[in-house]
Every structure is written in C-alpha cells, then in structure tokens.
$ cat final_0.cif   # mmCIF, C-alpha atoms and all ligand atoms
data_start
#
loop_
_atom_site.group_PDB
_atom_site.id
_atom_site.type_symbol
_atom_site.label_atom_id
_atom_site.label_comp_id
_atom_site.auth_asym_id
_atom_site.auth_seq_id
_atom_site.Cartn_x
_atom_site.Cartn_y
_atom_site.Cartn_z
ATOM 1 C CA MET Q 1 31.685 -15.169 27.366
ATOM 2 C CA GLU Q 2 31.801 -12.837 24.413
ATOM 3 C CA ARG Q 3 30.486 -9.333 23.931
ATOM 4 C CA HIS Q 4 29.131 -8.438 20.471
ATOM 5 C CA LYS Q 5 27.662 -5.322 18.903
ATOM 6 C CA ALA Q 6 24.819 -6.818 16.884
ATOM 7 C CA VAL Q 7 21.616 -6.185 14.959
ATOM 8 C CA VAL Q 8 18.708 -8.502 15.742
ATOM 9 C CA LEU Q 9 17.537 -9.740 12.346
ATOM 10 C CA ARG Q 10 14.908 -12.348 13.164
ATOM 11 C CA ARG Q 11 13.005 -13.414 16.240
ATOM 12 C CA GLN Q 12 11.102 -16.666 16.639
ATOM 13 C CA MET Q 13 9.472 -18.358 19.603
ATOM 14 C CA PHE Q 14 11.584 -21.266 20.775
ATOM 15 C CA SER Q 15 9.259 -22.260 23.615
ATOM 16 C CA ASN Q 16 6.622 -20.433 25.659
ATOM 17 C CA THR Q 17 9.271 -18.414 27.417
ATOM 18 C CA SER Q 18 12.328 -18.630 25.187
ATOM 19 C CA LEU Q 19 13.296 -16.998 21.903
ATOM 20 C CA GLU Q 20 15.490 -18.040 19.024
ATOM 21 C CA LEU Q 21 17.217 -14.987 17.555
ATOM 22 C CA SER Q 22 19.205 -14.561 14.368
ATOM 23 C CA VAL Q 23 21.574 -11.659 14.792
ATOM 24 C CA TRP Q 24 24.267 -9.985 12.717
ATOM 25 C CA SER Q 25 27.393 -9.559 14.806
ATOM 26 C CA ARG Q 26 29.805 -6.777 13.890
ATOM 27 C CA ARG Q 27 32.614 -9.270 14.416
ATOM 28 C CA ILE Q 28 31.475 -12.592 12.937
ATOM 29 C CA GLY Q 29 28.308 -11.924 10.957
ATOM 30 C CA TRP Q 30 25.239 -14.184 11.024
ATOM 31 C CA MET Q 31 24.749 -15.949 14.344
ATOM 32 C CA GLU Q 32 21.895 -17.950 15.901
ATOM 33 C CA VAL Q 33 21.293 -17.139 19.549
ATOM 34 C CA THR Q 34 18.978 -18.860 22.026
ATOM 35 C CA ALA Q 35 17.493 -16.521 24.624
ATOM 36 C CA ARG Q 36 16.251 -18.772 27.397
ATOM 37 C CA GLY Q 37 13.522 -17.330 29.581
ATOM 38 C CA MET Q 38 13.491 -13.962 27.815
ATOM 39 C CA MET Q 39 9.676 -13.961 27.549
ATOM 40 C CA ARG Q 40 9.082 -14.776 31.208
ATOM 41 C CA SER Q 41 6.979 -12.020 32.754
ATOM 42 C CA LYS Q 42 9.102 -12.266 35.896
ATOM 43 C CA ASN Q 43 12.709 -13.230 36.379
ATOM 44 C CA ASN Q 44 13.931 -12.409 32.893
ATOM 45 C CA ARG Q 45 17.573 -12.042 33.781
ATOM 46 C CA LEU Q 46 18.748 -11.401 30.234
ATOM 47 C CA GLY Q 47 18.029 -7.676 30.151
ATOM 48 C CA ASP Q 48 15.941 -5.891 27.505
ATOM 49 C CA VAL Q 49 13.512 -8.042 25.513
ATOM 50 C CA ALA Q 50 14.865 -8.315 21.982
ATOM 51 C CA ASP Q 51 12.819 -7.514 18.894
ATOM 52 C CA GLU Q 52 13.559 -7.537 15.180
ATOM 53 C CA PHE Q 53 15.839 -4.768 13.936
ATOM 54 C CA ASP Q 54 17.000 -3.698 17.361
ATOM 55 C CA VAL Q 55 20.615 -2.578 17.476
ATOM 56 C CA SER Q 56 22.045 -4.098 20.639
ATOM 57 C CA GLU Q 57 25.032 -5.092 22.645
ATOM 58 C CA ILE Q 58 24.832 -8.748 23.555
ATOM 59 C CA VAL Q 59 26.837 -11.062 25.749
ATOM 60 C CA VAL Q 60 26.800 -14.688 24.638
ATOM 61 C CA TYR Q 61 28.259 -18.000 25.605
ATOM 62 C CA ARG Q 62 29.604 -19.638 22.458
ATOM 63 C CA LYS Q 63 31.616 -22.754 21.872
ATOM 64 C CA ALA Q 64 34.768 -22.267 19.829
ATOM 65 C CA ASN Q 65 34.041 -21.788 16.096
ATOM 66 C CA SER Q 66 30.310 -22.283 16.577
ATOM 67 C CA LEU Q 67 27.712 -19.975 15.046
ATOM 68 C CA TYR Q 68 25.182 -21.086 17.678
ATOM 69 C CA SER Q 69 25.284 -19.496 21.082
ATOM 70 C CA ILE Q 70 23.388 -18.901 24.310
ATOM 71 C CA LEU Q 71 22.377 -15.374 25.191
ATOM 72 C CA VAL Q 72 23.544 -14.177 28.579
ATOM 73 C CA GLU Q 73 22.736 -10.482 28.319
ATOM 74 C CA HIS Q 74 20.903 -8.198 25.871
ATOM 75 C CA ASN Q 75 21.226 -4.442 26.111
ATOM 76 C CA LEU Q 76 19.369 -2.237 23.656
ATOM 77 C CA ILE Q 77 21.347 0.500 21.925
ATOM 78 C CA ALA Q 78 18.627 1.607 19.494
ATOM 79 C CA PRO Q 79 15.229 -0.117 19.198
ATOM 80 C CA GLY Q 80 13.900 -0.683 15.663
ATOM 81 C CA THR Q 81 10.725 1.260 16.427
ATOM 82 C CA ALA Q 82 10.338 2.930 12.995
ATOM 83 C CA LEU Q 83 9.793 -0.511 11.453
ATOM 84 C CA ARG Q 84 7.110 -1.628 13.892
ATOM 85 C CA VAL Q 85 4.617 0.928 12.563
ATOM 86 C CA ASP Q 86 5.296 0.771 8.811
ATOM 87 C CA TRP Q 87 4.839 -2.508 6.962
ATOM 88 C CA VAL Q 88 6.565 -1.368 3.782
ATOM 89 C CA LYS Q 89 9.664 -0.386 5.762
ATOM 90 C CA TYR Q 90 9.501 -3.637 7.699
ATOM 91 C CA GLY Q 91 9.133 -5.586 4.432
ATOM 92 C CA ALA Q 92 12.047 -3.644 2.943
ATOM 93 C CA MET Q 93 14.368 -4.481 5.849
ATOM 94 C CA ALA Q 94 13.122 -8.084 5.868
ATOM 95 C CA MET Q 95 14.138 -8.262 2.193
ATOM 96 C CA VAL Q 96 17.627 -6.999 3.113
ATOM 97 C CA ARG Q 97 17.755 -9.454 6.028
ATOM 98 C CA ASP Q 98 16.759 -12.423 3.852
ATOM 99 C CA LEU Q 99 19.324 -11.502 1.208
ATOM 100 C CA ILE Q 100 22.011 -11.360 3.931
ATOM 101 C CA GLY Q 101 20.832 -14.794 5.085
ATOM 102 C CA ASP Q 102 21.032 -16.192 1.556
ATOM 103 C CA ILE Q 103 24.656 -15.054 1.330
ATOM 104 C CA TRP Q 104 26.043 -15.618 4.841
ATOM 105 C CA ARG Q 105 23.764 -17.841 6.935
ATOM 106 C CA GLY Q 106 25.711 -20.849 8.170
ATOM 107 C CA TYR Q 107 29.148 -19.420 7.332
ATOM 108 C CA PRO Q 108 31.263 -17.111 9.430
ATOM 109 C CA ALA Q 109 31.634 -13.827 7.541
ATOM 110 C CA ASP Q 110 35.159 -12.507 7.222
ATOM 111 C CA GLU Q 111 35.882 -9.622 9.562
ATOM 112 C CA ASP Q 112 35.669 -6.887 6.924
ATOM 113 C CA ASP Q 113 32.349 -8.169 5.550
ATOM 114 C CA ALA Q 114 30.887 -8.506 9.053
ATOM 115 C CA TRP Q 115 31.900 -4.948 9.890
ATOM 116 C CA ARG Q 116 30.653 -3.493 6.579
ATOM 117 C CA VAL Q 117 27.261 -5.199 6.692
ATOM 118 C CA TYR Q 118 26.812 -4.205 10.344
ATOM 119 C CA ASN Q 119 27.476 -0.566 9.461
ATOM 120 C CA VAL Q 120 25.067 -0.709 6.503
ATOM 121 C CA LEU Q 121 22.329 -2.108 8.766
ATOM 122 C CA VAL Q 122 22.922 0.487 11.475
ATOM 123 C CA GLU Q 123 22.928 3.318 8.928
ATOM 124 C CA LEU Q 124 19.712 2.080 7.271
ATOM 125 C CA LEU Q 125 17.964 1.649 10.612
ATOM 126 C CA GLY Q 126 19.123 5.080 11.752
ATOM 127 C CA ALA Q 127 17.607 6.698 8.659
ATOM 128 C CA ALA Q 128 14.521 4.438 8.402
ATOM 129 C CA GLU Q 129 12.141 6.864 10.045
ATOM 130 C CA ARG Q 130 12.891 9.616 7.526
ATOM 131 C CA MET Q 131 13.265 7.411 4.448
ATOM 132 C CA ASP Q 132 10.828 6.059 1.895
ATOM 133 C CA GLY Q 133 10.394 2.308 2.509
ATOM 134 C CA ILE Q 134 11.192 1.183 -1.027
ATOM 135 C CA ILE Q 135 14.256 3.423 -1.283
ATOM 136 C CA LEU Q 136 15.363 2.012 2.094
ATOM 137 C CA GLY Q 137 15.084 -1.571 0.820
ATOM 138 C CA VAL Q 138 16.780 -1.010 -2.529
ATOM 139 C CA ALA Q 139 19.592 0.968 -0.844
ATOM 140 C CA GLY Q 140 20.112 -1.945 1.540
ATOM 141 C CA VAL Q 141 20.081 -4.577 -1.206
ATOM 142 C CA MET Q 142 22.622 -2.684 -3.323
ATOM 143 C CA ARG Q 143 24.980 -2.223 -0.349
ATOM 144 C CA VAL Q 144 24.734 -5.841 0.735
ATOM 145 C CA LEU Q 145 25.490 -6.987 -2.828
ATOM 146 C CA ASP Q 146 28.450 -4.596 -2.836
ATOM 147 C CA ALA Q 147 29.784 -5.976 0.476
ATOM 148 C CA ALA Q 148 29.445 -9.497 -0.957
ATOM 149 C CA GLY Q 149 31.364 -8.443 -4.092
ATOM 150 C CA VAL Q 150 28.455 -9.151 -6.455
ATOM 151 C CA ALA Q 151 26.995 -5.684 -7.081
ATOM 152 C CA PRO Q 152 26.022 -4.884 -10.689
ATOM 153 C CA GLN Q 153 28.015 -2.321 -12.647
ATOM 154 C CA LEU Q 154 25.610 0.562 -13.290
ATOM 155 C CA GLU Q 155 27.519 3.497 -14.836
ATOM 156 C CA GLN Q 156 27.428 2.494 -18.481
ATOM 157 C CA CYS Q 157 26.500 -0.353 -20.813
ATOM 158 C CA PRO Q 158 29.377 -2.859 -20.530
ATOM 159 C CA VAL Q 159 28.980 -3.742 -24.229
ATOM 160 C CA CYS Q 160 28.728 -0.359 -26.018
ATOM 161 C CA ALA Q 161 29.660 2.051 -23.174
ATOM 162 C CA ARG Q 162 26.632 4.322 -23.627
ATOM 163 C CA THR Q 163 25.231 5.982 -20.510
ATOM 164 C CA ALA Q 164 21.726 6.843 -21.840
ATOM 165 C CA SER Q 165 19.338 4.513 -23.618
ATOM 166 C CA HIS Q 166 15.958 5.197 -25.248
ATOM 167 C CA ASN Q 167 15.182 1.502 -25.248
ATOM 168 C CA GLY Q 168 15.677 1.022 -21.522
ATOM 169 C CA TRP Q 169 18.076 -1.155 -19.577
ATOM 170 C CA ILE Q 170 18.313 -4.779 -18.524
ATOM 171 C CA LEU Q 171 20.110 -5.934 -15.387
ATOM 172 C CA SER Q 172 22.198 -8.701 -16.927
ATOM 173 C CA TRP Q 173 24.327 -10.909 -14.705
ATOM 174 C CA LYS Q 174 25.996 -12.427 -17.753
ATOM 175 C CA GLU Q 175 27.291 -8.965 -18.705
ATOM 176 C CA GLY Q 176 27.865 -7.924 -15.098
ATOM 177 C CA GLY Q 177 25.498 -4.991 -14.897
ATOM 178 C CA LEU Q 178 23.031 -2.683 -16.630
ATOM 179 C CA VAL Q 179 23.049 -3.406 -20.362
ATOM 180 C CA CYS Q 180 21.290 -1.046 -22.766
ATOM 181 C CA GLY Q 181 18.145 -2.331 -24.495
ATOM 182 C CA ASP Q 182 19.812 -2.385 -27.923
ATOM 183 C CA CYS Q 183 22.728 -4.575 -26.830
ATOM 184 C CA ALA Q 184 20.466 -6.822 -24.754
ATOM 185 C CA THR Q 185 18.302 -7.616 -27.801
ATOM 186 C CA SER Q 186 20.956 -7.525 -30.545
ATOM 187 C CA ARG Q 187 21.142 -10.513 -32.884
ATOM 188 C CA GLY Q 188 17.684 -11.650 -31.845
ATOM 189 C CA ARG Q 189 18.676 -12.334 -28.221
ATOM 190 C CA SER Q 190 15.900 -12.188 -25.679
ATOM 191 C CA PRO Q 191 16.679 -9.976 -22.671
ATOM 192 C CA GLU Q 192 17.638 -11.713 -19.407
ATOM 193 C CA GLY Q 193 15.160 -9.817 -17.267
ATOM 194 C CA PRO Q 194 12.499 -7.104 -17.311
ATOM 195 C CA ILE Q 195 13.310 -3.866 -19.159
ATOM 196 C CA ILE Q 196 13.643 -0.908 -16.833
ATOM 197 C CA ASP Q 197 13.300 2.594 -18.267
ATOM 198 C CA GLN Q 198 15.933 5.342 -18.245
ATOM 199 C CA GLY Q 199 14.329 7.015 -15.204
ATOM 200 C CA LEU Q 200 14.324 3.809 -13.147
ATOM 201 C CA ALA Q 201 17.934 3.103 -14.072
ATOM 202 C CA GLY Q 202 18.701 6.616 -12.787
ATOM 203 C CA VAL Q 203 16.934 5.877 -9.494
ATOM 204 C CA LEU Q 204 18.913 2.643 -9.143
ATOM 205 C CA ARG Q 205 22.216 4.454 -9.806
ATOM 206 C CA ARG Q 206 21.447 7.178 -7.274
ATOM 207 C CA VAL Q 207 20.232 4.777 -4.586
ATOM 208 C CA ALA Q 208 23.310 2.588 -5.042
ATOM 209 C CA THR Q 209 25.897 5.360 -4.915
ATOM 210 C CA MET Q 210 24.603 8.244 -2.773
ATOM 211 C CA ARG Q 211 25.160 8.324 0.984
ATOM 212 C CA ILE Q 212 22.200 6.801 2.834
ATOM 213 C CA GLU Q 213 21.522 10.053 4.679
ATOM 214 C CA ALA Q 214 21.326 11.918 1.337
ATOM 215 C CA LEU Q 215 18.571 9.540 0.154
ATOM 216 C CA THR Q 216 15.982 10.738 2.659
ATOM 217 C CA PRO Q 217 14.274 13.249 0.306
ATOM 218 C CA LEU Q 218 13.940 10.630 -2.472
ATOM 219 C CA ARG Q 219 10.474 9.209 -3.167
ATOM 220 C CA ALA Q 220 9.799 5.783 -4.665
ATOM 221 C CA PRO Q 221 8.558 5.477 -8.266
ATOM 222 C CA SER Q 222 5.008 4.224 -8.953
ATOM 223 C CA ALA Q 223 4.038 0.731 -7.750
ATOM 224 C CA ALA Q 224 4.205 -0.762 -11.260
ATOM 225 C CA ARG Q 225 7.728 0.572 -11.810
ATOM 226 C CA VAL Q 226 8.846 -0.531 -8.336
ATOM 227 C CA ALA Q 227 7.561 -4.027 -9.177
ATOM 228 C CA LYS Q 228 9.752 -3.999 -12.323
ATOM 229 C CA LEU Q 229 12.788 -2.849 -10.368
ATOM 230 C CA LEU Q 230 12.299 -5.578 -7.739
ATOM 231 C CA ALA Q 231 11.808 -8.199 -10.449
ATOM 232 C CA ALA Q 232 15.033 -7.074 -12.149
ATOM 233 C CA LEU Q 233 16.922 -7.267 -8.824
ATOM 234 C CA ALA Q 234 15.469 -10.734 -8.165
ATOM 235 C CA VAL Q 235 16.759 -11.955 -11.560
ATOM 236 C CA TRP Q 236 20.167 -10.429 -10.792
ATOM 237 C CA CYS Q 237 20.395 -12.119 -7.367
ATOM 238 C CA GLN Q 238 19.294 -15.433 -8.775
ATOM 239 C CA GLY Q 239 21.944 -15.165 -11.478
ATOM 240 C CA VAL Q 240 24.898 -14.150 -9.317
ATOM 241 C CA MET Q 241 24.105 -16.420 -6.376
ATOM 242 C CA ASP Q 242 22.470 -19.288 -8.209
ATOM 243 C CA ALA Q 243 19.766 -19.241 -5.566
ATOM 244 C CA ARG Q 244 16.287 -17.828 -5.482
ATOM 245 C CA THR Q 245 15.894 -15.020 -2.979
ATOM 246 C CA ARG Q 246 12.256 -15.155 -1.953
ATOM 247 C CA ALA Q 247 12.483 -11.826 -0.179
ATOM 248 C CA PHE Q 248 11.821 -9.787 -3.330
ATOM 249 C CA GLU Q 249 8.516 -11.522 -3.984
ATOM 250 C CA TRP Q 250 7.552 -10.982 -0.380
ATOM 251 C CA LEU Q 251 8.103 -7.229 -0.540
ATOM 252 C CA GLY Q 252 5.939 -7.186 -3.687
ATOM 253 C CA THR Q 253 3.153 -8.826 -1.699
ATOM 254 C CA VAL Q 254 3.570 -6.378 1.168
ATOM 255 C CA LEU Q 255 3.368 -3.485 -1.288
ATOM 256 C CA GLU Q 256 0.175 -4.805 -2.822
ATOM 257 C CA GLY Q 257 -1.349 -5.277 0.635
ATOM 258 C CA SER Q 258 -0.450 -1.765 1.740
ATOM 259 C CA ARG Q 259 -2.337 -0.280 -1.222
ATOM 260 C CA ARG Q 260 -5.618 -2.040 -0.499
HETATM 261 ZN ZN ZN W 301 24.858 -1.182 -25.122
#
$ encode --input "final_0.cif" --output "structure tokens"
Amino acid sequence: MERHKAVVLRRQMFSNTSLELSVWSRRIGWMEVTARGMMRSKNNRLGDVADEFDVSEIVVYRKANSLYSILVEHNLIAPGTALRVDWVKYGAMAMVRDLIGDIWRGYPADEDDAWRVYNVLVELLGAAERMDGIILGVAGVMRVLDAAGVAPQLEQCPVCARTASHNGWILSWKEGGLVCGDCATSRGRSPEGPIIDQGLAGVLRRVATMRIEALTPLRAPSAARVAKLLAALAVWCQGVMDARTRAFEWLGTVLEGSRR
C-alpha cells in the first residue's frame, strides 16, 4: 500500500459502480487509478467520492514500477468546487490537465517535476475562485511548460534584444521565445504564428512571472485577443513538443459557448 498526496485530474466511468481516475501524485506524477465500487450508493468503502480537480490524499495498491493502481482509500483535502460552477475555469484547468497529459502521461515524472507540478496545481486550485478563468489557464500553462523545461523566453527579442515592439510579437519556438515583429518578418520570412500586440505580450509576461496569488486582480483581455494568445501558445506547444495539444482549441470552444 502507498499513500499519495494527489490532484484528481480526470474521472471516467469504468462500470456502473466503478471509476477510472487519472491523478497527479506529488511523488510520481501522472497515475491511472481504478476506484472499484466508488459509485455504489451503499457500501462504498473507499471514502469520499472523487471528482475532477479535487486535492486528495489517496491510498493505493500498486505493483512495483507500475503507473496503474487500485484505489484503497480516498480522502478529500480540498474539493474543486470553484470549477464545478464556472465552465471557463473548468475549461482552463482542463487545458492545463491535457497539457500535463501530453508531456507526462505514461512516463513516471522525476521527483522534482512531480513535486513542482503538484504545487502548481494546488496553488491554481486554491486561487481559482478569486481568479479570472483565462488568466488561471494561461498561468497554469506557463508554469507547466516551465516545469517541463520548455517555457518560452519572454523578456526580450532573442534576435535584436529589444523589449518593446510597435509591430507586435510572435511566439517562435525556433528562436526560443517572443520575437519582435520586425525580426520575425525580416528578409521576407513569414512569421511562425499569430502576431500578438505589445499589450498581450505584457499580459503573457506578467502571468508567467508573477506569483499566482498576485494575479487575482488581473482581468482577461477581449475574447478576440484571448483567441490570439491561445493560438500562439498552441503553436508554441506544437513546436516544442512535436505534438498537437488539443486542449487549446477546446478552451476556445468553451469561451465561444460561454458568450452565447
Ligand atoms: Zn527583434
């Protein structure tokens, strides 16, 4: 038996009475857990019923070196209630969850990464109620990329070193970060992704570097500009991971739906 501090990331029905959970363990990262009989109305011996984005302490039975395990006990530390009533916040955390899955699902995370990502999740979830949904999601994405060692460099253009640009910025994975519009289009090159304006680049810098708690007063830019920011991040993730992260498109859809 093993005891893990964990965040429940995904919950699916496994049978009428059992659940299949994906959790992030503070010790080993992404783990699939079967919760047999958790949805029985009587005789659920596993403890609290788990839901997505709960922070919990779990006891599991796990074979050596396996990332699949059987749940023995689930004790809630902090339920993810703020996300159950706000679809943008839920979509934002689902985007962070899917990005984490794209990076670590199927591989044990090293101890430092597991610990860092766990702390990022707990901090985001703790502030979720007071935070703008989009800011929450972008803050999570930037911290997960940082923990994975693939965060973009944002302070200055890596080519010409300027910190302000009238012609906007492009998130270029070939250059390793935010490149000014002039450098991105010099010698007839076409930019690698959508152009984001000076203000948006500023939002991205702040969200990536400020403490999560300090981000609570920040409001998201307009829907059209958010769409550009998400598209730029999607291009970045595709470039650095050579895989398409569908989560960014999904949040775009959620956003559209919430405005109807
Ligand atoms: Zn430049």
$ residues_around --input "final_0.cif" --residues "region 80-96 of chain Q" --least-positions-apart "5" --cutoff "6 Å" --atoms "only C-alpha atoms" --output "count of residues only"
9
$ resolve_selection --input "final_0.cif" --expression "the PyMOL selection byres (((not hetatm)) within 6 of (chain W and resi 301))" --output "PyMOL selection string"
chain Q and resi 157+159-160+162+179-180+182-183
$ residues_around --input "final_0.cif" --residues "Leu124 (chain Q)" --least-positions-apart "2" --cutoff "9 Å" --atoms "only C-alpha atoms" --output "compact mmCIF listing (two decimals) with C-alpha atoms, in the coordinates of the input"
# COMPACT_ATOMS: atom_id res chain seq x y z
CA MET Q 93 14.37 -4.48 5.85
CA ASN Q 119 27.48 -0.57 9.46
CA VAL Q 120 25.07 -0.71 6.50
CA LEU Q 121 22.33 -2.11 8.77
CA VAL Q 122 22.92 0.49 11.48
CA GLY Q 126 19.12 5.08 11.75
CA ALA Q 127 17.61 6.70 8.66
CA ALA Q 128 14.52 4.44 8.40
CA MET Q 131 13.26 7.41 4.45
CA LEU Q 136 15.36 2.01 2.09
CA GLY Q 137 15.08 -1.57 0.82
CA ALA Q 139 19.59 0.97 -0.84
CA GLY Q 140 20.11 -1.94 1.54
CA ILE Q 212 22.20 6.80 2.83
CA GLU Q 213 21.52 10.05 4.68
$ residues_around --input "final_0.cif" --residues "Phe248 (chain Q)" --least-positions-apart "2" --cutoff "12 Å" --atoms "only C-alpha atoms" --output "ChimeraX atom specification"
/Q:91-99,134,137-138,141,226-238,244-246,250-255
$ resolve_selection --input "final_0.cif" --expression "the PyMOL selection byres (((chain Q and resi 170) around 12) and not hetatm)" --output "number ranges by chain"
Q: 152-154, 156-158, 165, 167-169, 171-185, 190-198, 200-201, 204, 228-229, 231-233, 235-236
$ residues_near_point --input "final_0.cif" --point "(11.6, -22.1, 21.4)" --cutoff "12 Å" --atoms "all atoms listed in the file" --output "number ranges by chain"
Q: 11-21, 33-39
$ atom_distance --input "final_0.cif" --atom1 "CA of Tyr61 (chain Q)" --atom2 "CA of Arg105 (chain Q)"
19.2 Å
$ closest_residue --input "final_0.cif" --among "Q:Val240, Q:Ile100, Q:Ala64, Q:Met210" --to "Trp24 (chain Q)" --atoms "only C-alpha atoms"
Q:Ile100
$ resolve_selection --input "final_0.cif" --expression "the PyMOL selection byres (((chain Q and resi 113-117) around 10) and not hetatm)" --output "list in words"
Lys5, Trp24, Ser25, Arg26, Arg27, Ile28, Gly29, Trp30, Ile100, Trp104, Pro108, Ala109, Asp110, Glu111, Asp112, Tyr118, Asn119, Val120, Leu121, Val122, Glu123, Gly140, Arg143, Val144, Leu145, Asp146, Ala147, Ala148 and Gly149 of chain Q
$ closest_residue --input "final_0.cif" --among "Q:Asn44, Q:Thr209, Q:Ser186, Q:Glu256" --to "Ser222 (chain Q)" --atoms "only C-alpha atoms"
Q:Glu256
$ atom_distance --input "final_0.cif" --atom1 "CA of Met1 (chain Q)" --atom2 "CA of Arg62 (chain Q)"
7.0 Å
$ atom_distance --input "final_0.cif" --atom1 "CA of Asp48 (chain Q)" --atom2 "CA of Asp102 (chain Q)"
28.4 Å
$ closest_residue --input "final_0.cif" --among "Q:Ile103, Q:Thr163, Q:Leu46, Q:Arg211" --to "Asp242 (chain Q)" --atoms "all atoms listed in the file"
Q:Ile103
